[in-house]
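Below is one structure; the comments refer to it alone.
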Amino acid sequence: MLDIKITKTTAPKAKPTDESKLGFGKIFSDHMFVMEYDKGQGWHDPRIEPYHPFELSPASSVLHYAQEVFEGMKAYRSADGKILMFRPDCNAKRFNDSCDRLCIPTIPEEDFIQACKTLVELEKDWVPYAKDTSLYIRPFVFAADDGLGVHAAHHYIFCIIVAPSGAYYAEGLAPVRIYVEDEYIRTAPGLTGFAKCGGNYAASIKSGELAQQLGYSQVLWLDGIEHKYVEEVGAMNIFFKIDGKIYTAACTGTVLPGVTRRSVIELCKDMGYEVIEGKIAVEDIGKAGEEGRLEEVFGTGTAAVISPVKELRYKGKDLKIGDGSIGELSQKLYDTLTDIQWGRTPDTKGWVVTVCEA
Ligand code: COI
């Protein structure tokens with residue numbers, strides 16, 4: 001159990017008054033959690049401080065070699081006056097799996113969860129009230145050695161910041177258009193694809209920008225070897241409903257093991273669907289589309305929740321999905337999942353954790 005020292009701000013910021021304009025990750029609360037690691041000493045000095053910039057040496061290793069890992073979670077305000085979190089144990093475990101791949105010292109799962117809960121409780125007034133808004137929680141850790149040698153650092157900083165947020169996409173729950181990237185790749189077997197590390201996202205930005213210039217929200221990545229099998233989308237995992245069955249890429253090292261992804265797989269199975277996690281060729285999706293068998297496509301993610309897809313562009317051809325409106329399953333999954341997350345329905349799965357009374 002961490003002994004967290006709390007120093008409160010003497011200059012609290014004004015909270016956003018118009019929650020319809022929150023956007024995603026633009027406004028930050030009054031405090032942040034910080035803990036440091038030094039070789040030989042381990043993690044030390046857990047504390048909550050007023051939100052402030054870091055002072056870093058220009059030679060800090062993260063700035064040069066990107067030894068960094070992050071997570072994404074949310075805190076929800078329930079109708080019966082509680083602040084809730086969703087499956088924080090899954091994020092704590094994935095954080096450590098990512099740390100292990102990046103040679104960053106892990107954090108005991110209970111300490112990770114305690115740090116998140118303590119910060120959220122202190123910042124509970126920052127959890128927004130409007131429908132579909134939440135407090136986005138961003139834990140991250142980075143190498144902070146002062147020097148240019150390429151090796152695992154000896155000094156790390158772990159930090160958590162929180163941001164009252166609305167929908168990730170400007171479209172909200174409205175279906176998005178996705179560009180299938182067949183030139184650049186995000187990862188390949190043996191690389192860091194399964195880890196939530198900044199480097200994966202850095203490598204994705206060029207394609208994302210090009211897709212946006214063409215009017216697409218994000219890129220759908222294909223496998224890094226054959227450029228043939230679908231893997232994931234920029235900020236979410238992706239699912240296809242074909243002939244009544246649900247398909248998604250298997251998590252075999254190149255795909256982010258999303259917490260929403262695994263929850264949605266379970267919910268689909270509960271609803272009686274067959275869910276196939278495996279290799280799905282983009283050509284087969286195109287064929288299913290042309291033959292009218294591609295019923296729905298949707299992305300899943302903490303930030304994105306459920307994001308229906310209305311169009312896929314692959315090799316210069318646009319594949320329209322359904323009539324362009326939200327599919328029945330996408331809507332049902334969105335409702336079921338968000339009802340659990342916001343405590344509107346009994347949590348029969350043990351996914352919801354109460355942080356505090358609101
Ligand atoms: C999340 O869904 O929490 C993410 O981290 C995705 C993205 C905003 C990078």
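By order of appearance in the structure tokens: chains A, B, ..., then residues from 1 within every chain, and ligands from 1 in the order shown.
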**OP:** Could you give me the residues within range 122-234 of chain A that DSSP places in helix (DSSP H, G or I), as a PyMOL selection string?
**Re:** chain A and resi 122+124-126+198-213
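Taking only C-alpha atoms and all ligand atoms into account, the residues that come within 6 Å of ligand 1 are Glu71, Gly72, Met73, Ala235, Gly301, Thr302, Ala303 and Ala304 of chain A.
Of note, CA of Phe54 in chain A and CA of Val120 in chain A are spaced 20.7 Å apart.
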Checklist entry - Which neighbours of Leu56 in chain A fall inside 9 Å, counting only C-alpha atoms, when residues of the same chain fewer than 3 positions from it are skipped, and could you give them as a list in words? => result Ala59, Ser60, Ala144 and Asp146 of chain A
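For the pair CA of Phe194 in chain A and CA of Ser98 in chain A, the separation is 7.5 Å.
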Contacts of Gln341 in chain A at 9 Å or less, counting only C-alpha atoms, minus same-chain residues fewer than 3 places along, as a PyMOL selection string?
chain A and resi 75-76+78+84-86+336-338+344-345+347+351-352
- What's the 12 Å shell around Gly272 in chain A, counting only C-alpha atoms, without same-chain residues fewer than 6 positions away, as a PyMOL selection string? chain A and resi 244-246+265-266+329
Keeping C-alpha atoms, export the residues of the selection given above as a short mmCIF file (atom, residue, chain, number, x, y, z; two decimals), in the first residue's frame.
data_model
loop_
_atom_site.label_atom_id
_atom_site.label_comp_id
_atom_site.auth_asym_id
_atom_site.auth_seq_id
_atom_site.Cartn_x
_atom_site.Cartn_y
_atom_site.Cartn_z
CA GLY A 244 -24.27 -12.85 -38.29
CA LYS A 245 -20.85 -13.72 -36.86
CA ILE A 246 -18.41 -11.34 -35.18
CA ILE A 265 -16.26 -9.95 -26.92
CA GLU A 266 -17.83 -11.12 -23.65
CA LEU A 329 -25.44 -4.38 -32.76
#
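Of the residues listed (A:Lys131, A:Lys82, A:Lys26, A:Lys196), A:Lys196 shows the shortest atom-to-atom separation from Leu102 in chain A; distances use only C-alpha atoms.
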message = Which residues are near Glu68 in chain A? Cut-off 12 Å, only C-alpha atoms, ignore same chain within fewer than 3 positions. Put them as an MDAnalysis selection string.
response = chainID A and resid 60:65 71 95:96 98:105 139:144 152:153 156:159 192 195:202
Expected file: the selected residues, C-alpha atoms, as a PDB file, in the first residue's frame:
ATOM      1  CA  SER A  60      16.336  13.080 -20.701  1.00  0.00           C
ATOM      2  CA  SER A  61      16.273   9.648 -22.277  1.00  0.00           C
ATOM      3  CA  VAL A  62      12.547   9.627 -23.099  1.00  0.00           C
ATOM      4  CA  LEU A  63      13.025  12.666 -25.347  1.00  0.00           C
ATOM      5  CA  HIS A  64      15.561  10.791 -27.447  1.00  0.00           C
ATOM      6  CA  TYR A  65      14.730   7.089 -27.281  1.00  0.00           C
ATOM      7  CA  GLU A  71      -2.722   3.800 -20.158  1.00  0.00           C
ATOM      8  CA  PHE A  95       0.434  -1.331 -18.043  1.00  0.00           C
ATOM      9  CA  ASN A  96       2.892  -3.787 -16.549  1.00  0.00           C
ATOM     10  CA  SER A  98       3.800  -2.803 -21.663  1.00  0.00           C
ATOM     11  CA  CYS A  99       6.454  -1.792 -19.091  1.00  0.00           C
ATOM     12  CA  ASP A 100       8.038  -5.212 -19.313  1.00  0.00           C
ATOM     13  CA  ARG A 101       8.370  -4.909 -23.128  1.00  0.00           C
ATOM     14  CA  LEU A 102       9.906  -1.421 -22.810  1.00  0.00           C
ATOM     15  CA  CYS A 103      12.287  -2.470 -19.994  1.00  0.00           C
ATOM     16  CA  ILE A 104      10.547  -0.127 -17.553  1.00  0.00           C
ATOM     17  CA  PRO A 105      10.193  -1.288 -13.937  1.00  0.00           C
ATOM     18  CA  PRO A 139      -1.378   7.145 -16.255  1.00  0.00           C
ATOM     19  CA  PHE A 140       2.058   7.189 -17.908  1.00  0.00           C
ATOM     20  CA  VAL A 141       5.670   6.416 -17.105  1.00  0.00           C
ATOM     21  CA  PHE A 142       8.829   7.632 -18.795  1.00  0.00           C
ATOM     22  CA  ALA A 143      12.592   7.264 -18.611  1.00  0.00           C
ATOM     23  CA  ALA A 144      14.165  10.358 -17.107  1.00  0.00           C
ATOM     24  CA  ALA A 152      17.379   0.992 -19.996  1.00  0.00           C
ATOM     25  CA  ALA A 153      17.243   4.075 -17.805  1.00  0.00           C
ATOM     26  CA  TYR A 156      11.749   6.886 -14.157  1.00  0.00           C
ATOM     27  CA  ILE A 157       8.794   9.121 -13.436  1.00  0.00           C
ATOM     28  CA  PHE A 158       5.276   7.687 -13.160  1.00  0.00           C
ATOM     29  CA  CYS A 159       2.478  10.222 -13.381  1.00  0.00           C
ATOM     30  CA  THR A 192       5.950  -3.456 -29.601  1.00  0.00           C
ATOM     31  CA  ALA A 195       2.289  -2.553 -25.751  1.00  0.00           C
ATOM     32  CA  LYS A 196       0.678   0.800 -25.117  1.00  0.00           C
ATOM     33  CA  CYS A 197       3.819   2.802 -25.762  1.00  0.00           C
ATOM     34  CA  GLY A 198       4.117   6.249 -27.285  1.00  0.00           C
ATOM     35  CA  GLY A 199       6.392   4.944 -30.051  1.00  0.00           C
ATOM     36  CA  ASN A 200       3.554   2.935 -31.612  1.00  0.00           C
ATOM     37  CA  TYR A 201       1.463   6.067 -31.846  1.00  0.00           C
ATOM     38  CA  ALA A 202       4.377   8.192 -33.139  1.00  0.00           C
TER      39      ALA A 202
END
Open item on the list: When DSSP is applied to the backbone of this structure, which of range 54-126 of chain A are assigned strand (DSSP E or B)? Write them out as a list in words.
Closed with: Ser60, Glu68, Val69, Phe70, Met73, Lys74, Ala75, Tyr76, Arg77, Lys82, Ile83, Leu84, Met85 and Phe86 of chain A
- request: For range 284-293 of chain A, work out the shell of residues within 12 Å, counting only C-alpha atoms and skipping chain neighbours fewer than 3 positions away, then give it as a ChimeraX atom specification.
  value: /A:180,228-230,239-248,279-281,296-297,310-315,317-323
Contact table range 241-280 of chain A vs range 209-226 of chain A, cut-off 12 Å, shortest pair per residue, only C-alpha atoms, as JSON lines:
{"residue": "A:Ala249", "atom": "CA", "partner": "A:Asp223", "partner_atom": "CA", "distance": 10.0}
{"residue": "A:Ala250", "atom": "CA", "partner": "A:Asp223", "partner_atom": "CA", "distance": 11.5}
{"residue": "A:Thr252", "atom": "CA", "partner": "A:Asp223", "partner_atom": "CA", "distance": 11.3}
{"residue": "A:Gly253", "atom": "CA", "partner": "A:Asp223", "partner_atom": "CA", "distance": 11.0}
{"residue": "A:Thr254", "atom": "CA", "partner": "A:Asp223", "partner_atom": "CA", "distance": 7.9}
{"residue": "A:Val255", "atom": "CA", "partner": "A:Asp223", "partner_atom": "CA", "distance": 9.3}
{"residue": "A:Leu256", "atom": "CA", "partner": "A:Trp221", "partner_atom": "CA", "distance": 11.8}
{"residue": "A:Lys279", "atom": "CA", "partner": "A:Asp223", "partner_atom": "CA", "distance": 9.4}
{"residue": "A:Ile280", "atom": "CA", "partner": "A:Leu222", "partner_atom": "CA", "distance": 9.7}
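Separating CA of Val309 in chain A from CA of Leu333 in chain A is a distance of 14.0 Å.
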